[in-house]
Amino acid sequence: MSRAFLIVMDSVGIGGAPDAGEFFNDSTPDTGANTVLHIAEACARGESEDRRSGPLRVPNLAALGLGPALTLACGQTAPGLDVVPTGCWAAATEVSRGKDTPSGHWELAGLPVPWDWTYLPDTQPAFPPDITARICELAGTDGVLGDCHSNGVKVIEEFGAEHLRTGKPICYTSADSVVQIAAHEEAFGLERLIRLCEDLAPMVHERRIGRVIARPFVGTEGAFERTTNRRDFAIAPPEPVLTNWVQDAGQRVIAIGKIGDIFSMSGIDEVHKGSDAVLMEHLAAQIETAPDGALVFANFVEFDSLYGHRRDVSGYARALEWFDGEIGKLLPTLRDTDLLLITADHGNDPTWTGSDHTRERVPVLIAGAGQGEIGPVGFVDVGASVAAHLGIPAQGPGRSFL
């Protein structure tokens, strides 16, 4: 029986989204944003030389079709990616009205988001008073810190010392539909932070705010560092998705990274977490041991969390080159009947203005399904195609391209 490995390179977009002009970073529309193209161009110009040097080197992703997929998406050619591919490729377009993690993953799993998300205003305070009051009640504090739009690194740098003095949780949001709460793992307590976010989630979900995220950190003033113990409490998909289809067919679903959190554990049998380096070890282990009929669904988040939001072009390029090298080691270990599909959930162009995701098409790169161009597809077609490979019916609007 066949197995499927669905791998999401979080935020590795390839430009060309037809509705990019309707999405913004600050007041600038995302028209023209292109994560992979602009990284490759910066590398070719010698502008991404921090702990790496020269052109972007991703020979394994290029061989699977990353360059042609980018050209299909946006009509341009990325330096260093113009090679003849040996895999098959497509460019996928999203229809959900969000450029966030749940929207992208739900739609890749066969379900476009059936509502408009609620976003918190870019004001200070950003949170409605009743949500803030509930956070204080759950935390046992007389206030919160932050209450603003920010990225996680900046807000911890700004309020971390005060958090240690007062014990108040650091609360912030972004252009995504999200409530994020940061706290020190030792001074505040990791389990306390996770319980706070879990207990807050039902109230937030009722507002159609997609996620409550626990953002633990450690360290002292001037040297704070986020840990890998992040937890996402997301709204459960309102209809069955790929993970449910596979599980309901009696086949195993193994989640690597934050997949279990994104789908609120719906249709998930087994979860493995850690840094991206640890997740790659888990992926290698699953290629070796996952049972017949299994879906292994992985998300590698550090492209997005460490480099995209921080607009770190060199760091993003290093991450792509590391990922490419690791995937190159795994491809020869696949079975003849395995399907390995690499895609993304949105963009996060590190050359772009602002610090939020960018609205882009995403690559679909496949090993185990022959060679050649598939063409333009929808995000929903990814889930339908994985289901077809596993021999189970797709229940959503997608159509298999295999």
# chains A, B, ... in the order shown; residues from 1 in each chain; ligands from 1
call {"tool": "select_by_dssp", "arguments": {"residues": "region 76-173 of chain A", "states": "alpha helix (DSSP H)", "output": "ChimeraX atom specification"}}
result
/A:101-108,129-139,152-166
call {"tool": "residues_around", "arguments": {"residues": "region 329-346 of chain A", "least_positions_apart": "5", "cutoff": "6 Å", "atoms": "only C-alpha atoms", "output": "PDB file with C-alpha atoms, in the first residue's frame"}}
result
ATOM      1  CA  SER A   2       1.220   3.529  -0.807  1.00  0.00           C
ATOM      2  CA  ARG A   3       2.382   6.145   1.701  1.00  0.00           C
ATOM      3  CA  ALA A   4       2.302   9.951   1.373  1.00  0.00           C
ATOM      4  CA  PHE A   5       4.628  12.573   2.829  1.00  0.00           C
ATOM      5  CA  LEU A   6       3.093  16.066   2.637  1.00  0.00           C
ATOM      6  CA  ILE A   7       5.685  18.671   3.604  1.00  0.00           C
ATOM      7  CA  VAL A   8       4.910  22.366   4.087  1.00  0.00           C
ATOM      8  CA  MET A   9       7.820  24.806   3.860  1.00  0.00           C
ATOM      9  CA  ASP A  10       6.128  27.475   5.925  1.00  0.00           C
ATOM     10  CA  SER A  11       5.986  30.766   3.972  1.00  0.00           C
ATOM     11  CA  VAL A  12       8.065  29.709   0.925  1.00  0.00           C
ATOM     12  CA  GLY A  13       5.958  31.527  -1.664  1.00  0.00           C
ATOM     13  CA  LYS A  99      -2.626  34.761   4.218  1.00  0.00           C
ATOM     14  CA  GLY A 104      -3.235  27.868   4.026  1.00  0.00           C
ATOM     15  CA  HIS A 105      -3.110  24.504   5.773  1.00  0.00           C
ATOM     16  CA  GLU A 360       1.619  34.577  -2.965  1.00  0.00           C
ATOM     17  CA  VAL A 362       3.092  28.436  -3.655  1.00  0.00           C
ATOM     18  CA  PRO A 363       5.152  25.677  -5.289  1.00  0.00           C
ATOM     19  CA  VAL A 364       3.964  22.083  -5.535  1.00  0.00           C
ATOM     20  CA  LEU A 365       7.007  19.828  -6.004  1.00  0.00           C
ATOM     21  CA  ILE A 366       6.505  16.080  -6.227  1.00  0.00           C
ATOM     22  CA  ALA A 367       8.760  13.047  -6.073  1.00  0.00           C
ATOM     23  CA  GLY A 368       7.157   9.715  -6.892  1.00  0.00           C
TER      24      GLY A 368
END
call {"tool": "atom_distance", "arguments": {"atom1": "CA of Glu186 (chain A)", "atom2": "CA of Ile209 (chain A)"}}
result
28.4 Å
call {"tool": "closest_residue", "arguments": {"among": "A:Asp261, A:Asp122, A:Asp19, A:Asp26", "to": "Ala234 (chain A)", "atoms": "only C-alpha atoms"}}
result
A:Asp261
call {"tool": "closest_residue", "arguments": {"among": "A:Ala69, A:Ala175, A:Val386, A:Ala182", "to": "Ala92 (chain A)", "atoms": "only C-alpha atoms"}}
result
A:Ala69
call {"tool": "residues_around", "arguments": {"residues": "Ile213 (chain A)", "least_positions_apart": "2", "cutoff": "7 Å", "atoms": "only C-alpha atoms", "output": "mmCIF file with C-alpha atoms, in the first residue's frame"}}
result
data_model
loop_
_atom_site.group_PDB
_atom_site.id
_atom_site.type_symbol
_atom_site.label_atom_id
_atom_site.label_comp_id
_atom_site.auth_asym_id
_atom_site.auth_seq_id
_atom_site.Cartn_x
_atom_site.Cartn_y
_atom_site.Cartn_z
ATOM 1 C CA VAL A 179 -3.954 36.318 19.938
ATOM 2 C CA GLN A 180 -0.398 35.634 21.108
ATOM 3 C CA ILE A 181 0.706 35.490 24.740
ATOM 4 C CA CYS A 197 -3.912 29.996 26.355
ATOM 5 C CA ARG A 211 -5.613 30.969 17.040
ATOM 6 C CA ARG A 215 4.953 31.932 23.070
ATOM 7 C CA ARG A 231 1.639 25.778 21.442
ATOM 8 C CA ASP A 232 -1.121 26.834 19.031
ATOM 9 C CA PHE A 233 -4.768 26.509 20.024
#
call {"tool": "closest_residue", "arguments": {"among": "A:Gly32, A:Thr351, A:Asp50, A:Ile374", "to": "Arg311 (chain A)", "atoms": "only C-alpha atoms"}}
result
A:Thr351
